[in-house]
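**Student:** Input file: target38.tsv. Contents: TSV, C-alpha atoms.
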```tsv
chain	number	residue	atom	x	y	z
A	103	MET	CA	61.37	296.15	-77.66
A	104	ASN	CA	61.80	299.94	-77.52
A	105	LYS	CA	58.30	300.46	-78.92
A	106	LEU	CA	56.86	298.07	-76.33
A	107	ILE	CA	58.58	299.96	-73.52
A	108	ILE	CA	57.31	303.33	-74.78
A	109	LEU	CA	53.76	301.95	-75.25
A	110	GLY	CA	53.86	300.48	-71.76
A	111	LEU	CA	54.95	303.78	-70.27
A	112	ALA	CA	52.32	305.72	-72.19
A	113	PHE	CA	49.66	303.35	-70.81
A	114	MET	CA	51.01	303.63	-67.27
A	115	ILE	CA	51.15	307.43	-67.44
A	116	SER	CA	47.56	307.63	-68.73
A	117	TYR	CA	46.38	305.26	-66.00
A	118	LEU	CA	48.20	307.06	-63.20
A	119	SER	CA	47.03	310.42	-64.52
A	120	PHE	CA	43.41	309.21	-64.37
A	121	THR	CA	43.61	307.63	-60.92
A	122	GLU	CA	45.45	310.58	-59.35
A	123	GLU	CA	42.89	313.02	-60.72
A	124	SER	CA	39.96	310.88	-59.54
A	125	MET	CA	41.46	310.50	-56.08
A	126	HIS	CA	41.87	314.23	-55.59
A	127	GLN	CA	38.43	315.02	-56.92
A	128	ALA	CA	36.95	312.57	-54.44
A	129	HIS	CA	38.73	314.09	-51.48
A	130	GLU	CA	38.55	317.76	-52.25
A	131	GLY	CA	35.78	320.01	-51.10
A	132	HIS	CA	35.14	323.75	-51.20
A	133	ILE	CA	36.04	324.63	-47.66
A	134	HIS	CA	37.08	328.21	-47.62
A	135	GLY	CA	35.68	331.72	-47.46
A	136	ALA	CA	32.92	332.84	-49.76
A	137	LEU	CA	32.98	336.16	-51.62
A	138	VAL	CA	30.22	338.78	-51.43
A	139	ASP	CA	28.68	337.42	-54.63
A	140	GLY	CA	28.41	333.98	-53.02
A	141	SER	CA	31.13	332.35	-55.10
A	142	ASN	CA	33.76	330.33	-53.31
A	143	LEU	CA	37.37	331.43	-52.92
A	144	ASP	CA	38.73	327.95	-52.16
A	145	VAL	CA	42.02	329.10	-50.66
A	146	ASP	CA	43.80	327.84	-47.57
A	147	PRO	CA	42.42	330.14	-44.81
A	148	GLU	CA	45.60	330.18	-42.72
A	149	ARG	CA	47.74	330.88	-45.73
A	150	TYR	CA	45.37	333.60	-46.91
A	151	LYS	CA	45.41	335.23	-43.46
A	152	GLU	CA	49.21	335.20	-43.43
A	153	PHE	CA	49.33	336.65	-46.92
A	154	MET	CA	46.98	339.49	-45.99
A	155	LYS	CA	49.13	340.63	-43.06
A	156	GLY	CA	50.31	344.20	-43.61
A	157	LEU	CA	48.42	344.64	-46.86
A	158	GLU	CA	46.13	347.62	-47.33
A	159	ASN	CA	44.82	349.74	-50.14
A	160	CYS	CA	45.43	347.06	-52.76
A	161	GLN	CA	43.72	344.41	-54.85
A	162	ILE	CA	44.22	340.69	-54.45
A	163	ALA	CA	44.08	338.50	-57.54
A	164	VAL	CA	43.30	334.90	-56.64
A	165	VAL	CA	44.36	332.86	-59.66
A	166	SER	CA	43.54	329.17	-60.12
A	167	VAL	CA	46.38	327.40	-61.89
A	168	ILE	CA	46.78	323.85	-63.22
A	169	GLY	CA	50.10	322.07	-63.78
A	170	MET	CA	51.92	323.35	-60.69
A	171	VAL	CA	53.56	320.20	-59.38
A	172	CYS	CA	56.84	321.31	-57.80
A	173	ASP	CA	58.82	324.19	-56.36
A	174	PHE	CA	60.40	324.96	-59.75
A	175	CYS	CA	56.92	325.77	-61.11
A	176	ALA	CA	56.27	328.04	-58.14
A	177	GLN	CA	59.62	329.81	-58.44
A	178	GLY	CA	59.05	330.52	-62.13
A	179	ILE	CA	55.64	332.04	-61.42
A	180	GLU	CA	57.01	334.16	-58.57
A	181	LYS	CA	59.87	335.45	-60.72
A	182	THR	CA	57.57	336.26	-63.63
A	183	PHE	CA	55.13	338.31	-61.54
A	184	GLU	CA	57.80	340.00	-59.43
A	185	LYS	CA	59.02	341.78	-62.58
A	186	ASP	CA	55.75	343.76	-62.52
A	187	GLU	CA	56.24	346.89	-60.40
A	188	THR	CA	52.56	346.98	-59.48
A	189	VAL	CA	52.89	343.62	-57.69
A	190	LYS	CA	53.36	344.13	-53.95
A	191	LYS	CA	53.38	340.51	-52.83
A	192	ILE	CA	52.86	337.03	-54.26
A	193	ASP	CA	52.19	333.62	-52.78
A	194	VAL	CA	52.00	330.25	-54.53
A	195	ASP	CA	50.03	327.45	-52.89
A	196	LEU	CA	50.91	324.17	-54.61
A	197	ASN	CA	48.40	322.20	-52.53
A	198	LYS	CA	45.40	324.25	-53.56
A	199	GLY	CA	46.67	325.22	-57.02
A	200	LYS	CA	46.26	328.91	-56.21
A	201	VAL	CA	48.43	331.95	-56.79
A	202	LEU	CA	47.68	335.04	-54.69
A	203	ILE	CA	48.93	338.31	-56.13
A	204	ALA	CA	48.62	341.63	-54.29
A	205	TYR	CA	48.50	344.47	-56.82
A	206	SER	CA	48.56	348.22	-56.26
A	207	LYS	CA	45.12	349.81	-56.26
A	208	ASN	CA	45.77	351.64	-59.54
A	209	LYS	CA	46.52	348.43	-61.47
A	210	LYS	CA	43.89	347.35	-63.96
A	211	ILE	CA	43.84	343.60	-63.45
A	212	GLU	CA	43.22	341.72	-66.66
A	213	TYR	CA	42.75	337.99	-66.85
A	214	LYS	CA	44.43	337.80	-70.29
A	215	GLU	CA	47.63	339.33	-68.94
A	216	ILE	CA	47.75	336.98	-65.95
A	217	GLU	CA	46.90	333.98	-68.13
A	218	GLN	CA	49.76	334.87	-70.47
A	219	LYS	CA	52.28	335.21	-67.64
A	220	ILE	CA	51.26	331.85	-66.19
A	221	LEU	CA	51.52	330.27	-69.65
A	222	SER	CA	55.00	331.74	-70.17
A	223	ASN	CA	56.00	329.63	-67.18
A	224	GLY	CA	54.43	326.50	-68.69
A	225	GLN	CA	51.26	326.24	-66.57
A	226	ASN	CA	47.65	327.21	-67.33
A	227	ALA	CA	45.44	329.70	-65.50
A	228	THR	CA	41.86	328.50	-65.21
A	229	GLY	CA	40.17	331.22	-63.18
A	230	LEU	CA	40.55	334.59	-61.52
A	231	LYS	CA	38.82	336.31	-58.64
A	232	VAL	CA	39.70	339.82	-57.54
A	233	ILE	CA	39.25	341.13	-54.00
A	234	ASN	CA	39.58	344.81	-53.14
A	235	ILE	CA	41.31	345.64	-49.86
A	236	ASN	CA	40.89	349.10	-48.36
B	252	MET	CA	83.04	319.95	-44.01
B	253	GLY	CA	83.09	323.49	-45.41
B	254	ILE	CA	80.61	324.75	-47.98
B	255	LYS	CA	83.18	324.68	-50.81
B	256	ARG	CA	84.24	321.14	-50.01
B	257	THR	CA	80.60	320.06	-49.74
B	258	LEU	CA	79.80	321.57	-53.16
B	259	LEU	CA	82.89	319.94	-54.69
B	260	PHE	CA	81.80	316.62	-53.25
B	261	LEU	CA	78.28	317.05	-54.64
B	262	PHE	CA	79.63	317.96	-58.08
B	263	PHE	CA	81.82	314.86	-57.97
B	264	ILE	CA	78.98	312.42	-57.36
B	265	CYS	CA	76.44	314.00	-59.67
B	266	GLY	CA	74.92	312.01	-62.57
B	267	VAL	CA	72.55	311.20	-65.42
B	268	ILE	CA	68.89	311.72	-64.79
B	269	GLU	CA	67.88	314.74	-66.74
B	270	ALA	CA	65.17	316.51	-64.79
B	271	ARG	CA	63.40	319.44	-66.38
B	272	PRO	CA	65.24	319.91	-69.67
B	273	ILE	CA	63.46	323.25	-70.26
B	274	SER	CA	63.05	326.08	-67.76
B	275	TYR	CA	60.49	328.90	-67.61
B	276	SER	CA	60.78	331.75	-70.13
B	277	GLY	CA	64.09	333.53	-69.58
B	278	GLY	CA	65.34	330.91	-67.13
B	279	SER	CA	68.79	329.33	-67.05
B	280	THR	CA	69.83	325.95	-65.70
B	281	VAL	CA	73.18	324.39	-64.91
B	282	MET	CA	73.35	320.59	-64.62
B	283	SER	CA	76.15	318.29	-63.71
B	284	ASN	CA	75.99	314.57	-64.49
B	285	THR	CA	78.23	311.64	-63.70
B	286	ASP	CA	77.90	307.92	-64.37
B	287	ASN	CA	80.09	305.00	-65.38
B	288	MET	CA	80.21	306.23	-69.01
B	289	ARG	CA	80.80	309.97	-68.78
B	290	ASP	CA	80.98	313.17	-66.73
B	291	THR	CA	79.11	316.16	-68.12
B	292	LEU	CA	78.43	319.79	-67.32
B	293	TYR	CA	75.45	321.27	-69.13
B	294	TYR	CA	74.16	324.84	-69.26
B	295	HIS	CA	70.88	325.69	-70.99
B	296	TYR	CA	68.81	328.82	-71.50
B	297	SER	CA	65.08	328.81	-72.25
B	298	PRO	CA	63.90	331.76	-74.39
B	299	THR	CA	60.38	330.40	-73.88
B	300	TYR	CA	58.95	327.46	-71.94
B	301	LYS	CA	58.75	325.60	-75.27
B	302	TYR	CA	62.46	325.12	-75.93
B	303	SER	CA	65.95	325.44	-74.57
B	304	LEU	CA	69.38	325.91	-76.14
B	305	GLY	CA	72.48	324.80	-74.36
B	306	LEU	CA	76.07	323.72	-74.32
B	307	GLU	CA	77.21	320.49	-72.73
B	308	ALA	CA	80.85	319.68	-71.99
B	309	ILE	CA	81.53	315.93	-71.84
B	310	LYS	CA	84.39	313.88	-70.50
B	311	ASP	CA	83.68	310.53	-72.14
B	312	SER	CA	85.25	307.74	-70.09
B	313	TYR	CA	84.11	304.96	-72.44
B	314	PHE	CA	85.74	306.41	-75.59
B	315	ASN	CA	88.42	308.20	-73.58
B	316	THR	CA	87.81	311.57	-75.22
B	317	ASP	CA	86.47	315.06	-74.45
B	318	TYR	CA	83.98	316.99	-76.56
B	319	SER	CA	80.97	319.33	-76.37
B	320	TYR	CA	77.42	319.22	-77.62
B	321	PHE	CA	75.38	322.18	-78.81
B	322	ARG	CA	71.94	321.10	-77.69
B	323	LEU	CA	68.34	321.88	-78.56
B	324	THR	CA	65.42	320.59	-76.50
B	325	TYR	CA	61.85	321.19	-77.65
B	326	LEU	CA	58.64	320.58	-75.73
B	327	LEU	CA	56.50	318.46	-78.08
B	328	ASN	CA	53.55	318.09	-75.77
B	329	ARG	CA	52.47	319.13	-72.29
B	330	LYS	CA	49.30	318.34	-70.42
B	331	ASN	CA	48.59	320.25	-67.24
B	332	THR	CA	45.90	319.12	-64.86
B	333	ARG	CA	44.98	320.30	-61.38
B	334	PHE	CA	47.32	317.73	-59.80
B	335	SER	CA	49.71	316.65	-62.51
B	336	GLN	CA	51.89	317.61	-65.42
B	337	ARG	CA	52.86	315.37	-68.33
B	338	ASN	CA	55.64	316.30	-70.75
B	339	LEU	CA	57.14	314.92	-73.92
B	340	TYR	CA	60.38	316.48	-75.17
B	341	PHE	CA	62.44	316.14	-78.31
B	342	GLN	CA	66.17	316.32	-77.66
B	343	SER	CA	69.09	316.75	-80.01
B	344	GLY	CA	72.75	317.65	-79.98
B	345	VAL	CA	75.59	318.23	-82.41
B	346	SER	CA	79.12	317.61	-81.23
B	347	SER	CA	82.16	319.86	-81.46
B	348	LYS	CA	83.78	316.90	-83.28
B	349	GLY	CA	81.58	317.44	-86.34
B	350	LEU	CA	78.08	316.96	-87.69
B	351	ASN	CA	78.50	313.16	-87.83
B	352	ASN	CA	78.81	313.16	-84.08
B	353	ASN	CA	75.31	313.84	-82.80
B	354	PHE	CA	72.31	312.50	-80.96
B	355	ILE	CA	68.52	312.69	-81.17
B	356	GLY	CA	65.99	311.39	-78.72
B	357	VAL	CA	62.84	311.79	-76.70
B	358	HIS	CA	62.35	312.35	-73.01
B	359	GLY	CA	59.00	312.03	-71.27
B	360	ASP	CA	57.70	312.41	-67.76
B	361	TRP	CA	54.49	312.52	-65.80
B	362	GLU	CA	54.47	313.83	-62.27
B	363	THR	CA	52.24	314.84	-59.44
B	364	ARG	CA	53.46	316.13	-56.12
B	365	ARG	CA	53.52	312.48	-54.96
B	366	TRP	CA	54.40	310.37	-58.03
B	367	PHE	CA	56.93	310.54	-60.83
B	368	VAL	CA	57.31	308.43	-63.98
B	369	GLY	CA	59.94	309.24	-66.57
B	370	PHE	CA	61.69	307.73	-69.54
B	371	GLY	CA	64.34	308.72	-72.05
B	372	TYR	CA	65.61	307.34	-75.32
B	373	LYS	CA	68.62	308.64	-77.27
B	374	LYS	CA	70.21	307.49	-80.51
B	375	VAL	CA	73.85	308.54	-80.42
B	376	SER	CA	76.19	308.58	-83.42
B	377	ASN	CA	79.90	309.21	-83.53
B	378	ASP	CA	82.75	308.48	-85.97
B	379	ILE	CA	83.09	304.94	-84.62
B	380	ILE	CA	79.63	303.59	-83.82
B	381	GLU	CA	75.89	304.23	-83.43
B	382	TYR	CA	74.22	303.16	-80.22
B	383	ASP	CA	71.06	303.59	-78.14
B	384	ASP	CA	70.90	304.92	-74.60
B	385	LYS	CA	67.65	304.60	-72.64
B	386	PHE	CA	66.25	304.76	-69.15
B	387	LEU	CA	63.03	304.36	-67.16
B	388	GLN	CA	62.44	305.93	-63.79
B	389	LEU	CA	59.72	305.69	-61.15
B	390	GLY	CA	59.53	307.73	-57.98
B	391	VAL	CA	57.43	308.53	-54.95
B	392	ALA	CA	57.68	311.42	-52.49
B	393	PRO	CA	57.41	310.00	-48.96
B	394	TYR	CA	55.97	313.30	-47.69
B	395	LEU	CA	54.53	316.41	-49.34
B	396	GLY	CA	56.34	319.56	-48.28
B	397	GLU	CA	55.19	323.10	-48.79
B	398	TYR	CA	56.78	325.36	-51.39
B	399	GLY	CA	60.27	326.22	-50.11
B	400	ASP	CA	60.62	323.14	-47.89
B	401	PHE	CA	63.25	320.46	-48.27
B	402	HIS	CA	61.81	317.83	-50.63
B	403	THR	CA	62.74	314.18	-50.88
B	404	TRP	CA	62.00	311.56	-53.54
B	405	ILE	CA	62.66	307.82	-53.43
B	406	MET	CA	63.12	306.44	-56.92
B	407	VAL	CA	64.08	303.41	-58.96
B	408	LYS	CA	65.90	303.81	-62.24
B	409	SER	CA	66.61	301.23	-64.92
B	410	LYS	CA	68.97	302.10	-67.75
B	411	LYS	CA	70.62	300.47	-70.68
B	412	ASN	CA	73.35	301.71	-72.94
B	413	ASP	CA	73.90	299.45	-75.98
B	414	LEU	CA	77.63	299.75	-75.47
B	415	LEU	CA	77.17	297.78	-72.28
B	416	GLU	CA	75.69	294.31	-71.96
B	417	SER	CA	72.45	294.58	-70.03
B	418	TRP	CA	69.97	296.75	-68.18
B	419	SER	CA	71.07	297.98	-64.80
B	420	THR	CA	68.63	298.98	-62.10
B	421	LEU	CA	69.49	301.18	-59.19
B	422	PRO	CA	67.76	302.91	-56.29
B	423	VAL	CA	67.92	306.70	-56.55
B	424	LEU	CA	67.42	309.40	-53.95
B	425	LYS	CA	66.46	312.89	-55.03
B	426	PHE	CA	66.54	315.95	-52.81
B	427	PHE	CA	65.70	319.51	-53.63
B	428	LYS	CA	65.24	322.82	-51.96
B	429	GLY	CA	64.85	326.22	-53.53
B	430	ASN	CA	66.78	326.40	-56.80
B	431	PHE	CA	68.93	323.41	-56.10
B	432	LEU	CA	68.33	319.71	-56.85
B	433	ILE	CA	70.54	316.68	-56.34
B	434	GLU	CA	69.88	313.09	-57.30
B	435	PHE	CA	72.11	310.07	-56.88
B	436	GLY	CA	71.93	306.33	-57.16
B	437	TYR	CA	74.33	303.44	-56.88
B	438	ASN	CA	74.63	299.82	-57.85
B	439	ASN	CA	77.67	297.62	-57.71
B	440	LYS	CA	77.76	297.05	-61.49
B	441	THR	CA	77.51	300.62	-62.78
B	442	GLU	CA	78.54	302.35	-59.53
B	443	TRP	CA	77.54	306.01	-59.00
B	444	ASP	CA	74.85	307.58	-61.16
B	445	SER	CA	74.09	311.11	-60.13
B	446	HIS	CA	72.71	314.46	-61.20
B	447	MET	CA	72.78	317.96	-59.82
B	448	MET	CA	70.87	320.98	-61.05
B	449	TYR	CA	70.75	324.66	-60.23
B	450	ARG	CA	68.12	326.89	-61.80
B	451	PHE	CA	68.24	330.67	-61.97
```
Kindly return the structure encoded in the file as structure tokens.
**Tutor:**
Amino acid sequence: MNKLIILGLAFMISYLSFTEESMHQAHEGHIHGALVDGSNLDVDPERYKEFMKGLENCQIAVVSVIGMVCDFCAQGIEKTFEKDETVKKIDVDLNKGKVLIAYSKNKKIEYKEIEQKILSNGQNATGLKVININ
Amino acid sequence: MGIKRTLLFLFFICGVIEARPISYSGGSTVMSNTDNMRDTLYYHYSPTYKYSLGLEAIKDSYFNTDYSYFRLTYLLNRKNTRFSQRNLYFQSGVSSKGLNNNFIGVHGDWETRRWFVGFGYKKVSNDIIEYDDKFLQLGVAPYLGEYGDFHTWIMVKSKKNDLLESWSTLPVLKFFKGNFLIEFGYNNKTEWDSHMMYRF
């Protein structure tokens, strides 16, 4: 009986995982600001505008993250990055799966370092774009 | 009702559903659980996101005794996708009453921001008896809040402890905001089943 229950749940989880993913892929589009090189930023424009308020002479890391499903994920990421003194501001967008990090201009932003910090929280980074703000 | 009285009330009604048995690296969690079998207070620390170590104090109403568990939880498997996370954990505990008093089990969940499916299975041994304790849980979030908002989940939980006769199913409400989560359900057979968690 126990094995049947576990098998049933495993099947249900796989099925739900597939349908949820398909549904979001069908609805999502690249709707937000393009970078100079033509690639798409895919961030929430209002959120991005709010984040940029008061920021100058810094670099913005736009990190794509998978596995962020609740506030606890977001809190962990915030706490991890806030330990870095070169981080001026951070914002986690659960809807878009994006983490915006404003670094000091002198910081050398490395994808490996960011990927490791995200992983230490239990999620995975899948991409990074860096924007310079003067 | 003052804040202290509110918190005391929440602690009193809190119960069994073990959300997030491991925190982020360096994170700590305090959980309080209450159901018809026992009241527990559990603290765990996660050196990495892969495992947590903790101490759980238990007031066992069924066996009319008090004891503690030293607990280890290990993340066996995690799959992150853009909109979901799936986890499978191994859980174990050794009691302050001796090595013969212990439990092992698995705990799994899959969740998106909208849906939640979870299950747990424990084999518990003590000086008197061995028994199984298991649950299934399904949930849906009626609305999707932003990070930092007040979040609500509507859930159904079914559980069975071999010491009792049959499965019991109860509706569960879960609320969380910031570092704080509370979950409670009720049915007339098993009465209150509740859980509270604070992460820091």
**Student:** Output as a list of chain:residue names the set of chain A residues within 7 Å of chain B, with distances taken over only C-alpha atoms.
**Tutor:**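 Interface list for chain A against chain B: A:Ile115, A:Glu123, A:Ile168, A:Gly169, A:Val171, A:Cys172, A:Asp173, A:Gly178, A:Leu196, A:Gly199, A:Ser222, A:Asn223, A:Gly224, A:Gln225.
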**Student:** Can you measure CA of Gln161 in chain A to CA of Lys181 in chain A for me? One decimal in Å is fine.
**Tutor:**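 The value is 19.4 Å.
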**Student:** Suppose you want the space between CA of Gln218 in chain A and CA of Asp186 in chain A; what is it in Å?
**Tutor:**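 So the answer is 13.3 Å.
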**Student:** Residues within 12 Å of Asn208 in chain A, please, as a PDB file with C-alpha atoms, in the coordinates of the input. Count all atoms listed in the file; anything in the same chain fewer than 6 positions from it doesn't count.
**Tutor:**
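Okay, selection37.pdb is ready:
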```pdb
ATOM      1  CA  ASN A 159      44.820 349.740 -50.140  1.00  0.00           C
ATOM      2  CA  CYS A 160      45.430 347.060 -52.760  1.00  0.00           C
ATOM      3  CA  GLN A 161      43.720 344.410 -54.850  1.00  0.00           C
ATOM      4  CA  GLU A 187      56.240 346.890 -60.400  1.00  0.00           C
ATOM      5  CA  THR A 188      52.560 346.980 -59.480  1.00  0.00           C
ATOM      6  CA  VAL A 189      52.890 343.620 -57.690  1.00  0.00           C
ATOM      7  CA  ASN A 234      39.580 344.810 -53.140  1.00  0.00           C
TER       8      ASN A 234
END
```
**Student:** What's the 10 Å shell around Ser347 in chain B, counting all atoms listed in the file, without same-chain residues fewer than 3 positions away, as an MDAnalysis selection string?
**Tutor:** chainID B and resid 308 317:321 344 350:353
**Student:** Restricted to C-alpha atoms, what would the selected residues look like written as a compact mmCIF listing (two decimals), keeping the file's coordinate frame?
**Tutor:**
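Output (result_26.txt):
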```txt
# COMPACT_ATOMS: atom_id res chain seq x y z
CA ALA B 308 80.85 319.68 -71.99
CA ASP B 317 86.47 315.06 -74.45
CA TYR B 318 83.98 316.99 -76.56
CA SER B 319 80.97 319.33 -76.37
CA TYR B 320 77.42 319.22 -77.62
CA PHE B 321 75.38 322.18 -78.81
CA GLY B 344 72.75 317.65 -79.98
CA LEU B 350 78.08 316.96 -87.69
CA ASN B 351 78.50 313.16 -87.83
CA ASN B 352 78.81 313.16 -84.08
CA ASN B 353 75.31 313.84 -82.80
```
**Student:** Neighbours of range 210-216 of chain A within 9 Å (only C-alpha atoms; same-chain residues fewer than 4 positions away dropped), as a PyMOL selection string?
**Tutor:** chain A and resi 161+163+165+183+205+220-221+227+229-230+232
**Student:** Please write the residues from the selection above to a file, keeping C-alpha atoms, as an mmCIF file, keeping the file's coordinate frame.
**Tutor:**
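Result file is again06.cif:
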```
data_model
loop_
_atom_site.group_PDB
_atom_site.id
_atom_site.type_symbol
_atom_site.label_atom_id
_atom_site.label_comp_id
_atom_site.auth_asym_id
_atom_site.auth_seq_id
_atom_site.Cartn_x
_atom_site.Cartn_y
_atom_site.Cartn_z
ATOM 1 C CA GLN A 161 43.720 344.410 -54.850
ATOM 2 C CA ALA A 163 44.080 338.500 -57.540
ATOM 3 C CA VAL A 165 44.360 332.860 -59.660
ATOM 4 C CA PHE A 183 55.130 338.310 -61.540
ATOM 5 C CA TYR A 205 48.500 344.470 -56.820
ATOM 6 C CA ILE A 220 51.260 331.850 -66.190
ATOM 7 C CA LEU A 221 51.520 330.270 -69.650
ATOM 8 C CA ALA A 227 45.440 329.700 -65.500
ATOM 9 C CA GLY A 229 40.170 331.220 -63.180
ATOM 10 C CA LEU A 230 40.550 334.590 -61.520
ATOM 11 C CA VAL A 232 39.700 339.820 -57.540
#
```
**Student:** Hey, what's within 10 Å of Thr316 in chain B if we count only C-alpha atoms and toss same-chain stuff fewer than 6 positions away? As a PDB file with C-alpha atoms, in the coordinates of the input, please?
**Tutor:**
```pdb
ATOM      1  CA  ARG B 289      80.800 309.970 -68.780  1.00  0.00           C
ATOM      2  CA  ILE B 309      81.530 315.930 -71.840  1.00  0.00           C
ATOM      3  CA  LYS B 310      84.390 313.880 -70.500  1.00  0.00           C
TER       4      LYS B 310
END
```
**Student:** Between CA of Gly436 in chain B and CA of Gln388 in chain B, what distance in Å does the model show, to one decimal?
**Tutor:**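 According to the coordinates, CA of Gly436 in chain B and CA of Gln388 in chain B are separated by 11.6 Å.
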**Student:** Name all residues at most 9 Å from Val375 in chain B (count all atoms listed in the file; drop same-chain ones fewer than 5 positions away) and give them as a ChimeraX atom specification.
**Tutor:** /B:352-356,380-384
**Student:** Given only C-alpha atoms as the basis, pick out the residue of B:Asn338, B:Ser417, B:Asn377, B:Thr403 nearest to Phe435 in chain B.
**Tutor:**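 With only C-alpha atoms as the atom set, the closest residue is B:Thr403.
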